[in-house]
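**Student:** Supplied structure: target_23.txt, compact mmCIF, C-alpha atoms and all ligand atoms.
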```txt
# COMPACT_ATOMS: atom_id res chain seq x y z
CA MET A 1 106.75 21.59 130.40
CA SER A 2 108.35 23.95 132.86
CA SER A 3 111.28 26.18 132.10
CA GLY A 4 113.64 28.74 133.61
CA ARG A 5 115.38 29.13 136.90
CA SER A 6 112.84 28.05 139.50
CA ALA A 7 112.04 24.84 137.62
CA VAL A 8 115.50 23.40 138.14
CA LYS A 9 115.71 24.22 141.84
CA GLU A 10 114.52 21.74 144.39
CA VAL A 11 114.84 21.94 148.14
CA HIS A 12 116.38 18.90 149.78
CA GLN A 13 115.54 19.71 153.37
CA GLY A 14 118.10 18.91 156.00
CA ARG A 15 120.50 17.40 153.47
CA GLN A 16 123.39 19.04 151.67
CA ALA A 17 122.77 19.15 147.94
CA PRO A 18 125.46 17.16 146.11
CA LEU A 19 125.42 19.97 143.52
CA ALA A 20 123.99 23.47 143.89
CA VAL A 21 124.59 25.96 141.09
CA THR A 22 123.31 29.55 141.13
CA GLY A 23 123.56 32.24 138.45
CA LEU A 24 126.43 30.47 136.75
CA GLN A 25 128.11 32.33 133.93
CA LYS A 26 131.24 31.58 131.94
CA ARG A 27 132.91 33.66 129.28
CA TYR A 28 135.82 32.56 127.15
CA GLY A 29 136.91 35.92 125.74
CA ASP A 30 134.03 36.97 123.47
CA VAL A 31 132.23 33.64 123.79
CA HIS A 32 129.52 33.68 126.45
CA ALA A 33 129.30 29.92 127.02
CA LEU A 34 127.00 30.03 130.09
CA ARG A 35 124.61 32.91 130.70
CA GLY A 36 123.16 32.34 134.16
CA VAL A 37 122.35 28.71 134.94
CA ASP A 38 120.68 27.50 138.16
CA ILE A 39 120.63 23.77 138.80
CA GLU A 40 120.38 21.79 142.03
CA ILE A 41 120.83 18.03 142.19
CA GLY A 42 119.67 16.09 145.23
CA PRO A 43 121.12 12.94 146.84
CA GLY A 44 120.45 9.85 144.74
CA GLU A 45 119.15 11.92 141.86
CA LEU A 46 120.06 11.07 138.27
CA PHE A 47 120.10 14.33 136.35
CA GLY A 48 120.45 14.56 132.59
CA LEU A 49 121.92 17.63 130.92
CA LEU A 50 120.99 17.85 127.27
CA GLY A 51 121.70 20.38 124.57
CA PRO A 52 123.16 20.89 121.12
CA ASN A 53 126.88 21.00 120.36
CA GLY A 54 128.38 24.11 121.89
CA ALA A 55 125.44 24.65 124.28
CA GLY A 56 127.71 24.81 127.35
CA LYS A 57 127.27 21.32 128.86
CA SER A 58 130.97 20.47 129.21
CA THR A 59 131.70 23.98 130.45
CA PHE A 60 129.09 23.42 133.17
CA VAL A 61 130.69 20.13 134.22
CA LYS A 62 134.21 21.60 134.25
CA LEU A 63 133.02 24.43 136.49
CA ALA A 64 131.38 21.90 138.81
CA CYS A 65 134.69 20.04 138.98
CA GLY A 66 136.52 23.23 139.85
CA LEU A 67 138.71 22.91 136.74
CA MET A 68 137.86 26.50 135.81
CA ARG A 69 136.57 29.56 137.62
CA PRO A 70 133.13 30.94 136.78
CA SER A 71 132.81 34.47 135.39
CA ALA A 72 129.84 34.92 137.77
CA GLY A 73 127.68 32.78 140.04
CA THR A 74 128.41 30.04 142.56
CA VAL A 75 128.87 26.27 142.51
CA THR A 76 128.91 24.16 145.66
CA ILE A 77 129.40 20.42 146.09
CA MET A 78 127.92 19.06 149.35
CA GLY A 79 127.91 22.66 150.58
CA GLN A 80 131.62 23.25 149.77
CA PRO A 81 132.87 25.59 147.03
CA ALA A 82 133.75 23.80 143.77
CA GLY A 83 137.50 23.34 143.50
CA SER A 84 138.07 23.17 147.28
CA VAL A 85 139.73 20.04 148.67
CA ALA A 86 136.49 19.05 150.44
CA ALA A 87 134.52 19.39 147.19
CA GLN A 88 137.13 17.42 145.23
CA ARG A 89 136.81 14.56 147.73
CA SER A 90 133.09 14.33 147.02
CA ILE A 91 133.18 14.06 143.23
CA GLY A 92 134.00 11.53 140.58
CA TYR A 93 134.53 12.85 137.05
CA LEU A 94 134.73 11.31 133.63
CA ALA A 95 135.73 13.94 131.08
CA GLU A 96 134.36 14.08 127.56
CA LEU A 97 137.74 13.87 125.81
CA PHE A 98 139.98 12.04 128.26
CA ARG A 99 143.26 10.34 127.43
CA PHE A 100 145.00 7.99 129.84
CA PRO A 101 148.75 7.24 129.40
CA GLU A 102 149.09 4.41 126.88
CA TRP A 103 151.79 2.57 128.86
CA CYS A 104 149.65 2.34 131.99
CA ARG A 105 147.89 -0.94 132.84
CA ALA A 106 144.25 -0.83 133.95
CA ASP A 107 144.97 -1.85 137.54
CA GLU A 108 147.93 0.53 137.72
CA LEU A 109 145.83 3.42 136.46
CA LEU A 110 143.17 2.81 139.10
CA ALA A 111 145.87 2.57 141.79
CA LEU A 112 147.22 5.95 140.67
CA HIS A 113 143.75 7.48 140.90
CA GLN A 114 143.22 5.89 144.32
CA GLN A 115 146.30 7.81 145.47
CA LEU A 116 145.02 11.04 143.92
CA GLU A 117 141.61 10.56 145.54
CA GLY A 118 143.04 9.45 148.87
CA SER A 119 141.04 6.21 148.63
CA ASP A 120 142.12 3.37 150.91
CA GLY A 121 140.07 0.80 148.96
CA GLY A 122 143.22 -1.05 147.86
CA PRO A 123 143.26 -3.98 145.39
CA ARG A 124 139.74 -5.01 146.39
CA GLU A 125 138.18 -1.72 145.31
CA ARG A 126 140.13 -1.88 142.03
CA GLN A 127 139.02 -5.42 141.32
CA GLU A 128 135.39 -4.66 142.17
CA LEU A 129 135.36 -1.61 139.93
CA LEU A 130 136.96 -3.46 137.01
CA GLU A 131 134.34 -6.21 137.43
CA ARG A 132 131.57 -3.63 137.61
CA VAL A 133 132.52 -2.13 134.24
CA GLY A 134 133.17 -5.48 132.55
CA LEU A 135 136.97 -5.32 132.56
CA ALA A 136 137.72 -8.01 135.17
CA LYS A 137 139.99 -9.88 132.75
CA SER A 138 141.81 -6.77 131.59
CA ALA A 139 143.44 -5.66 134.86
CA GLN A 140 146.90 -6.14 133.35
CA THR A 141 146.08 -4.79 129.89
CA ARG A 142 147.82 -1.58 128.87
CA VAL A 143 145.61 1.39 127.95
CA GLY A 144 147.32 1.52 124.53
CA ALA A 145 146.12 -2.04 123.83
CA MET A 146 142.50 -1.29 124.76
CA SER A 147 139.69 -0.48 122.35
CA LYS A 148 137.95 2.90 122.63
CA GLY A 149 134.99 1.37 124.47
CA MET A 150 137.29 -0.48 126.89
CA GLN A 151 139.03 2.82 127.65
CA GLN A 152 135.66 4.43 128.31
CA ARG A 153 134.78 1.59 130.69
CA LEU A 154 138.10 2.14 132.47
CA GLY A 155 137.28 5.85 132.65
CA LEU A 156 134.02 5.01 134.39
CA ALA A 157 135.79 2.76 136.89
CA GLN A 158 138.24 5.61 137.57
CA ALA A 159 135.35 8.03 138.21
CA LEU A 160 133.85 5.65 140.78
CA ILE A 161 136.97 5.41 142.95
CA GLY A 162 136.32 6.40 146.56
CA SER A 163 132.49 6.13 146.22
CA PRO A 164 131.90 9.80 145.35
CA ARG A 165 128.70 11.57 146.49
CA LEU A 166 128.42 13.24 143.08
CA LEU A 167 129.39 11.66 139.79
CA LEU A 168 129.89 13.95 136.79
CA LEU A 169 129.78 12.01 133.54
CA ASP A 170 130.36 13.89 130.29
CA GLU A 171 129.07 11.65 127.49
CA PRO A 172 130.16 8.41 129.20
CA THR A 173 128.57 6.04 126.69
CA SER A 174 129.66 7.60 123.39
CA ALA A 175 132.03 4.69 122.62
CA LEU A 176 130.07 1.90 124.28
CA ASP A 177 128.32 -1.00 122.58
CA PRO A 178 124.65 -1.70 123.47
CA ALA A 179 125.66 -4.07 126.30
CA GLY A 180 128.00 -1.40 127.68
CA ARG A 181 125.20 1.20 127.60
CA ARG A 182 122.93 -1.14 129.47
CA MET A 183 125.73 -1.72 132.00
CA VAL A 184 125.96 2.04 132.56
CA ARG A 185 122.19 2.30 133.04
CA ALA A 186 122.26 -0.50 135.64
CA LEU A 187 125.24 1.14 137.30
CA MET A 188 123.43 4.46 137.54
CA GLU A 189 120.41 2.79 139.08
CA GLU A 190 122.63 1.15 141.70
CA LEU A 191 124.20 4.51 142.43
CA ARG A 192 120.77 6.06 142.91
CA ASP A 193 119.95 3.34 145.47
CA ARG A 194 123.16 4.20 147.33
CA GLY A 195 122.25 7.90 147.39
CA THR A 196 124.91 8.96 144.88
CA ALA A 197 123.89 11.89 142.68
CA VAL A 198 124.77 11.71 138.99
CA LEU A 199 125.00 14.46 136.38
CA LEU A 200 124.92 12.89 132.96
CA ASN A 201 125.71 14.82 129.77
CA SER A 202 124.48 12.93 126.78
CA HIS A 203 123.16 13.25 123.25
CA LEU A 204 121.43 9.87 123.57
CA LEU A 205 117.96 11.08 124.40
CA SER A 206 116.38 7.63 124.64
CA GLU A 207 119.00 6.65 127.19
CA VAL A 208 118.44 9.78 129.25
CA GLU A 209 114.68 9.23 129.06
CA LEU A 210 115.11 5.69 130.38
CA VAL A 211 117.33 6.47 133.33
CA CYS A 212 117.17 10.12 134.44
CA ASP A 213 114.87 11.41 137.17
CA ARG A 214 115.14 14.98 135.94
CA VAL A 215 116.44 16.66 132.84
CA ALA A 216 117.51 20.17 131.88
CA ILE A 217 117.89 21.20 128.26
CA ILE A 218 120.38 23.97 127.69
CA ALA A 219 120.84 25.95 124.52
CA ARG A 220 123.08 28.97 123.95
CA GLY A 221 124.23 28.82 127.56
CA GLN A 222 120.78 28.93 129.17
CA VAL A 223 118.29 26.43 130.52
CA VAL A 224 115.43 26.42 128.02
CA ALA A 225 113.38 23.56 129.50
CA ALA A 226 113.53 21.40 132.61
CA GLY A 227 111.52 18.76 134.40
CA THR A 228 111.08 15.02 134.61
CA PRO A 229 111.20 13.23 131.24
CA GLN A 230 107.47 12.62 131.76
CA GLU A 231 106.78 16.33 132.33
CA LEU A 232 108.74 17.31 129.25
CA GLY A 233 106.66 15.05 127.01
CA ARG A 234 103.16 16.13 125.98
CA PRO A 235 99.99 14.16 125.19
CA ALA A 236 100.08 13.19 121.51
CA GLY A 237 96.61 11.78 120.96
CA VAL A 238 95.00 8.36 120.85
CA HIS A 239 95.66 5.76 118.14
CA VAL A 240 93.07 3.02 117.68
CA GLU A 241 93.64 -0.03 115.49
CA THR A 242 90.34 -1.06 113.88
CA THR A 243 89.00 -3.26 111.09
CA SER A 244 89.37 -0.38 108.65
CA GLY A 245 92.91 0.52 109.75
CA MET A 246 94.50 2.92 112.24
CA ARG A 247 92.19 5.69 113.44
CA VAL A 248 93.98 8.68 114.95
CA PHE A 249 92.38 11.13 117.42
CA PRO A 250 95.18 13.71 117.76
CA ALA A 251 93.58 15.89 120.45
CA ALA A 252 92.05 13.09 122.53
CA SER A 253 93.10 12.29 126.09
CA ARG A 254 92.96 9.10 128.16
CA GLU A 255 89.59 10.07 129.65
CA GLU A 256 88.04 10.07 126.17
CA VAL A 257 89.14 6.54 125.27
CA PRO A 258 85.96 4.68 126.47
CA ALA A 259 83.70 7.03 124.46
CA ILE A 260 85.92 6.72 121.37
CA VAL A 261 85.82 2.92 121.56
CA ARG A 262 82.03 2.89 122.14
CA GLU A 263 81.49 5.10 119.07
CA LEU A 264 83.74 3.00 116.87
CA VAL A 265 81.99 -0.21 117.94
CA ALA A 266 78.61 1.47 117.32
CA GLU A 267 79.83 2.29 113.79
CA GLY A 268 80.45 -1.44 113.29
CA GLU A 269 84.24 -1.41 113.73
CA ASP A 270 86.14 -4.11 115.60
CA VAL A 271 88.80 -2.59 117.93
CA PHE A 272 92.12 -4.48 118.16
CA SER A 273 94.28 -2.06 120.15
CA VAL A 274 94.25 1.40 121.73
CA GLU A 275 97.42 3.41 122.32
CA ILE A 276 97.53 6.63 124.32
CA ARG A 277 100.58 8.46 123.00
CA ARG A 278 102.88 11.05 124.53
CA SER A 279 105.53 12.97 122.65
CA THR A 280 109.03 11.75 123.39
CA LEU A 281 111.88 13.55 125.06
CA GLU A 282 113.32 13.91 121.56
CA ASP A 283 110.24 15.87 120.45
CA ALA A 284 110.48 18.09 123.55
CA TYR A 285 114.21 18.58 122.98
CA LEU A 286 113.82 19.59 119.35
CA ALA A 287 110.98 21.99 120.17
CA ALA A 288 112.93 23.61 123.04
CA VAL A 289 116.15 23.93 121.07
CA GLU A 290 114.47 25.21 117.90
CA ASN A 291 112.56 27.83 119.90
CA SER A 292 115.76 29.03 121.54
CA GLY A 293 117.17 30.68 118.40
CA PRO A 294 119.96 30.08 115.88
CA GLY A 295 122.41 27.20 116.06
CA VAL A 296 125.89 26.51 117.27
CA ASP A 297 127.93 29.19 115.45
CA ALA A 298 125.59 31.98 116.42
CA ALA A 299 125.45 30.66 119.99
CA ALA A 300 129.18 30.96 120.33
CA THR A 301 129.48 34.54 119.21
CA THR A 302 126.23 36.30 120.18
CA PRO A 303 127.05 39.02 122.70
CA ALA A 304 125.46 38.83 126.13
CA ALA A 305 121.99 40.30 126.49
N1 LIG B 1 138.59 26.52 126.27
C1 LIG B 1 137.73 27.22 125.51
N2 LIG B 1 138.10 28.37 124.96
C2 LIG B 1 137.24 29.11 124.21
N3 LIG B 1 135.96 28.73 123.96
C3 LIG B 1 135.55 27.57 124.48
C4 LIG B 1 136.40 26.74 125.29
N4 LIG B 1 135.71 25.65 125.67
C5 LIG B 1 134.49 25.78 125.13
N5 LIG B 1 134.39 26.92 124.42
C6 LIG B 1 133.18 27.41 123.74
O1 LIG B 1 132.14 27.47 124.70
C7 LIG B 1 130.91 27.04 124.12
C8 LIG B 1 130.37 25.87 124.93
O2 LIG B 1 131.24 24.74 124.75
P1 LIG B 1 131.03 23.36 125.52
O3 LIG B 1 132.22 22.51 125.26
O4 LIG B 1 130.69 23.66 126.92
O5 LIG B 1 129.74 22.80 124.75
P2 LIG B 1 129.00 21.38 124.88
O6 LIG B 1 127.57 21.69 125.18
O7 LIG B 1 129.73 20.49 125.80
O8 LIG B 1 129.07 20.85 123.38
P3 LIG B 1 129.26 19.33 122.80
O9 LIG B 1 127.89 18.73 122.75
O10 LIG B 1 129.80 19.57 121.42
O11 LIG B 1 130.23 18.58 123.67
C9 LIG B 1 131.20 26.72 122.67
O12 LIG B 1 130.88 27.86 121.90
C10 LIG B 1 132.70 26.48 122.65
O13 LIG B 1 133.26 26.83 121.41
MG MG B 2 130.67 18.71 125.57
```
Will you turn the file into structure tokens for me?

**Tutor:**
Amino acid sequence: MSSGRSAVKEVHQGRQAPLAVTGLQKRYGDVHALRGVDIEIGPGELFGLLGPNGAGKSTFVKLACGLMRPSAGTVTIMGQPAGSVAAQRSIGYLAELFRFPEWCRADELLALHQQLEGSDGGPRERQELLERVGLAKSAQTRVGAMSKGMQQRLGLAQALIGSPRLLLLDEPTSALDPAGRRMVRALMEELRDRGTAVLLNSHLLSEVELVCDRVAIIARGQVVAAGTPQELGRPAGVHVETTSGMRVFPAASREEVPAIVRELVAEGEDVFSVEIRRSTLEDAYLAAVENSGPGVDAAATTPAA
């Protein structure tokens, strides 16, 4: 596992980083929500931001959108300062707690956002996006008549208007059914193929593990671990199913498997299966967050170091 500033920086030579964040800090009065975060996301990269409630994830996304000013540090989108018109043109954003006007029909809402984005995609873009999120038959349905998950799907379609270079999704699957979550995974993989960068905030670790290229775990406003989901996991031993039951070799690695099997067979055991285990992203998350100090209330009020 790697941690700290350098681990979340990658150089994307000759290409503008969709998101480059350096020394980012945010204070809300006494609350020090971000305490110096460095993250760079490359073209086509799916980046997961994880952390406990109150860790600073939504604050990070709002700063990247230019909805607030940082207390210190810089944020650029495709080389342009966050909040500038050029940066706004490059991003799509789905907020954590969004609310669309209840009277607005799905198609109408997308048309409004096309105007705000300056997209000339017209009815075709709207139809394609509604199809993409599974709302093709709901173009004329009012937001107020949609279920929570349908509204979240519409929110995703809205974020995709104008084919942004960077998509910022703050818990986009919290209201989705399993089919909807799978749709979002497929969508993110398509976006990666098109070179779109995605920042995904989520508490669904298994989902992040499945789809994200890189992950940063933040706690109390700081990055406490970062790397690929594979790097964040650790070897967790070898489990061998034998005639006499499951035999566990907690410290063994892949290289030791042939010798383990030979010894078991020599002892007279039949071997039915061998599993080389790694700890999950969930294990890595819990270890990183527990090591980072007290929980959400303390995080909010601890003065800066
Ligand atoms: N507008 C605000 N005014 C004052 N404090 C705020 C404001 N927004 C967030 N905070 C505080 O900043 C800290 C970080 O909040 P943030 O919403 O970024 O967390 P989060 O990681 O997104 O949490 P969650 O997983 O619950 O969505 C928290 O202590 C929160 O109380
Ligand atoms: Mg949040």

**Student:** Have a look at atom CA of Leu116 of chain A and atom CA of Ile41 of chain A and let me know their distance in Å, one decimal.

**Tutor:**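 For atom CA of Leu116 of chain A relative to atom CA of Ile41 of chain A, the distance reads 25.2 Å.
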
**Student:** When the cut-off is 10 Å and you count all atoms listed in the file, which residues lie near ligand LIG 1 (chain B), shown as a VMD selection string?

**Tutor:** chain A and resid 26 to 34 49 to 63 68 96 to 97 170 to 171 201 to 203 218 to 221 296 to 302

**Student:** Excluding Ile217 of chain A and any residue of its chain fewer than 6 positions from it, enumerate the residues within 8 Å of it, using only C-alpha atoms, and give them as a VMD selection string.

**Tutor:** chain A and resid 49 to 51 223 to 226 285 288 to 289

**Student:** Can you tell me, as a list in words, what residues are no more than 12 Å from segment 244-253 of chain A when counting all atoms listed in the file, ignoring any on the same chain fewer than 4 positions away?

**Tutor:**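 In the requested format, the answer is Arg234, Pro235, Ala236, Gly237, Val238, His239, Val240, Val257, Pro258, Ala259, Ile260, Val261, Leu264, Val265, Glu267, Gly268, Glu269, Asp270, Val271, Phe272, Ser273, Val274, Glu275, Ile276, Arg277, Arg278 and Ser279 of chain A.
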
**Student:** Hey, which of A:Gly233, A:Gly195, A:Pro172, A:Gly180 ends up closest to ligand MG 2 (chain B)? Count all atoms listed in the file.

**Tutor:** A:Pro172

**Student:** Which of these residues is nearest to Leu19 of chain A, using all atoms listed in the file: A:Met188, A:Ala87, A:Ala111, A:Ala287?

**Tutor:**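 Ranked by minimum distance to Leu19 of chain A, first place goes to A:Ala87.
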
**Student:** From the list A:Val21, A:Val198, A:Cys212, A:Leu110, which residue is nearest Pro164 of chain A when using all atoms listed in the file?

**Tutor:** A:Val198

**Student:** Extract, using only C-alpha atoms, all DNA, RNA and protein residues at most 12 Å from Thr173 of chain A, discarding same-chain residues fewer than 2 positions from it, and format them as a count of residues only.

**Tutor:** 35

**Student:** Between atom CA of Pro229 of chain A and atom CA of Thr74 of chain A, what distance in Å does the model show, to one decimal?

**Tutor:**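 Atom CA of Thr74 of chain A lies 26.6 Å from atom CA of Pro229 of chain A.
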
**Student:** My list of candidates is A:Val211, A:Cys65, A:Ala72, A:Leu168. Which is closest to Ala86 of chain A when distances are computed with only C-alpha atoms?

**Tutor:**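 The closest residue to Ala86 of chain A is A:Cys65.
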
**Student:** Which residues are near Ser163 of chain A? Cut-off 9 Å, all atoms listed in the file, ignore same chain within fewer than 5 positions. Put them as a PyMOL selection string.

**Tutor:** chain A and resi 90-92+119+196

**Student:** Using only C-alpha atoms and all ligand atoms, can you tell me which of A:Asp107, A:Arg262, A:Glu231, A:Phe98 comes closest to ligand MG 2 (chain B)?

**Tutor:**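 Closest residue, counting only C-alpha atoms and all ligand atoms: A:Phe98.
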
**Student:** One number please: atom CA of Arg126 of chain A to atom CA of Leu109 of chain A, in Å, one decimal.

**Tutor:**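 Separating atom CA of Arg126 of chain A from atom CA of Leu109 of chain A is a distance of 9.6 Å.
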
**Student:** Measuring between all atoms listed in the file, which one of A:Gly122, A:Glu108, A:Arg194, A:Ser174 shows the shortest distance to ligand MG 2 (chain B)?

**Tutor:**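 Among the listed residues, A:Ser174 lies closest to ligand MG 2 (chain B).
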
**Student:** Please rebuild segment 25-46 of chain A with N, CA and C atoms and return the result as a tab-separated table (two decimals), keeping the file's coordinate frame.

**Tutor:**
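For reference, part.tsv as written:
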```
chain	number	residue	atom	x	y	z
A	25	GLN	N	127.74	31.77	135.23
A	25	GLN	CA	128.11	32.33	133.93
A	25	GLN	C	129.56	31.99	133.63
A	26	LYS	N	129.84	31.78	132.35
A	26	LYS	CA	131.24	31.58	131.94
A	26	LYS	C	131.47	32.22	130.58
A	27	ARG	N	132.48	33.06	130.55
A	27	ARG	CA	132.91	33.66	129.28
A	27	ARG	C	134.29	33.14	128.92
A	28	TYR	N	134.47	32.82	127.66
A	28	TYR	CA	135.82	32.56	127.15
A	28	TYR	C	136.09	33.71	126.18
A	29	GLY	N	136.73	34.75	126.61
A	29	GLY	CA	136.91	35.92	125.74
A	29	GLY	C	135.53	36.44	125.31
A	30	ASP	N	135.30	36.46	123.99
A	30	ASP	CA	134.03	36.97	123.47
A	30	ASP	C	132.90	35.95	123.57
A	31	VAL	N	133.26	34.70	123.80
A	31	VAL	CA	132.23	33.64	123.79
A	31	VAL	C	131.57	33.56	125.17
A	32	HIS	N	130.26	33.75	125.17
A	32	HIS	CA	129.52	33.68	126.45
A	32	HIS	C	128.92	32.28	126.53
A	33	ALA	N	129.69	31.35	127.08
A	33	ALA	CA	129.30	29.92	127.02
A	33	ALA	C	128.16	29.60	127.97
A	34	LEU	N	128.12	30.21	129.15
A	34	LEU	CA	127.00	30.03	130.09
A	34	LEU	C	126.51	31.41	130.50
A	35	ARG	N	125.19	31.57	130.50
A	35	ARG	CA	124.61	32.91	130.70
A	35	ARG	C	123.67	32.96	131.89
A	36	GLY	N	124.02	32.28	132.98
A	36	GLY	CA	123.16	32.34	134.16
A	36	GLY	C	122.35	31.06	134.31
A	37	VAL	N	123.01	30.02	134.80
A	37	VAL	CA	122.35	28.71	134.94
A	37	VAL	C	122.18	28.40	136.42
A	38	ASP	N	120.98	27.93	136.79
A	38	ASP	CA	120.68	27.50	138.16
A	38	ASP	C	120.25	26.03	138.10
A	39	ILE	N	121.00	25.19	138.77
A	39	ILE	CA	120.63	23.77	138.80
A	39	ILE	C	120.97	23.23	140.18
A	40	GLU	N	120.06	22.47	140.77
A	40	GLU	CA	120.38	21.79	142.03
A	40	GLU	C	120.08	20.31	141.85
A	41	ILE	N	121.02	19.48	142.30
A	41	ILE	CA	120.83	18.03	142.19
A	41	ILE	C	120.84	17.44	143.59
A	42	GLY	N	119.82	16.65	143.89
A	42	GLY	CA	119.67	16.09	145.23
A	42	GLY	C	120.35	14.74	145.37
A	43	PRO	N	120.50	14.25	146.61
A	43	PRO	CA	121.12	12.94	146.84
A	43	PRO	C	120.35	11.84	146.10
A	44	GLY	N	121.07	10.97	145.44
A	44	GLY	CA	120.45	9.85	144.74
A	44	GLY	C	119.71	10.25	143.48
A	45	GLU	N	119.88	11.48	143.05
A	45	GLU	CA	119.15	11.92	141.86
A	45	GLU	C	120.00	11.73	140.60
A	46	LEU	N	119.38	11.22	139.56
A	46	LEU	CA	120.06	11.07	138.27
A	46	LEU	C	119.57	12.20	137.37
```
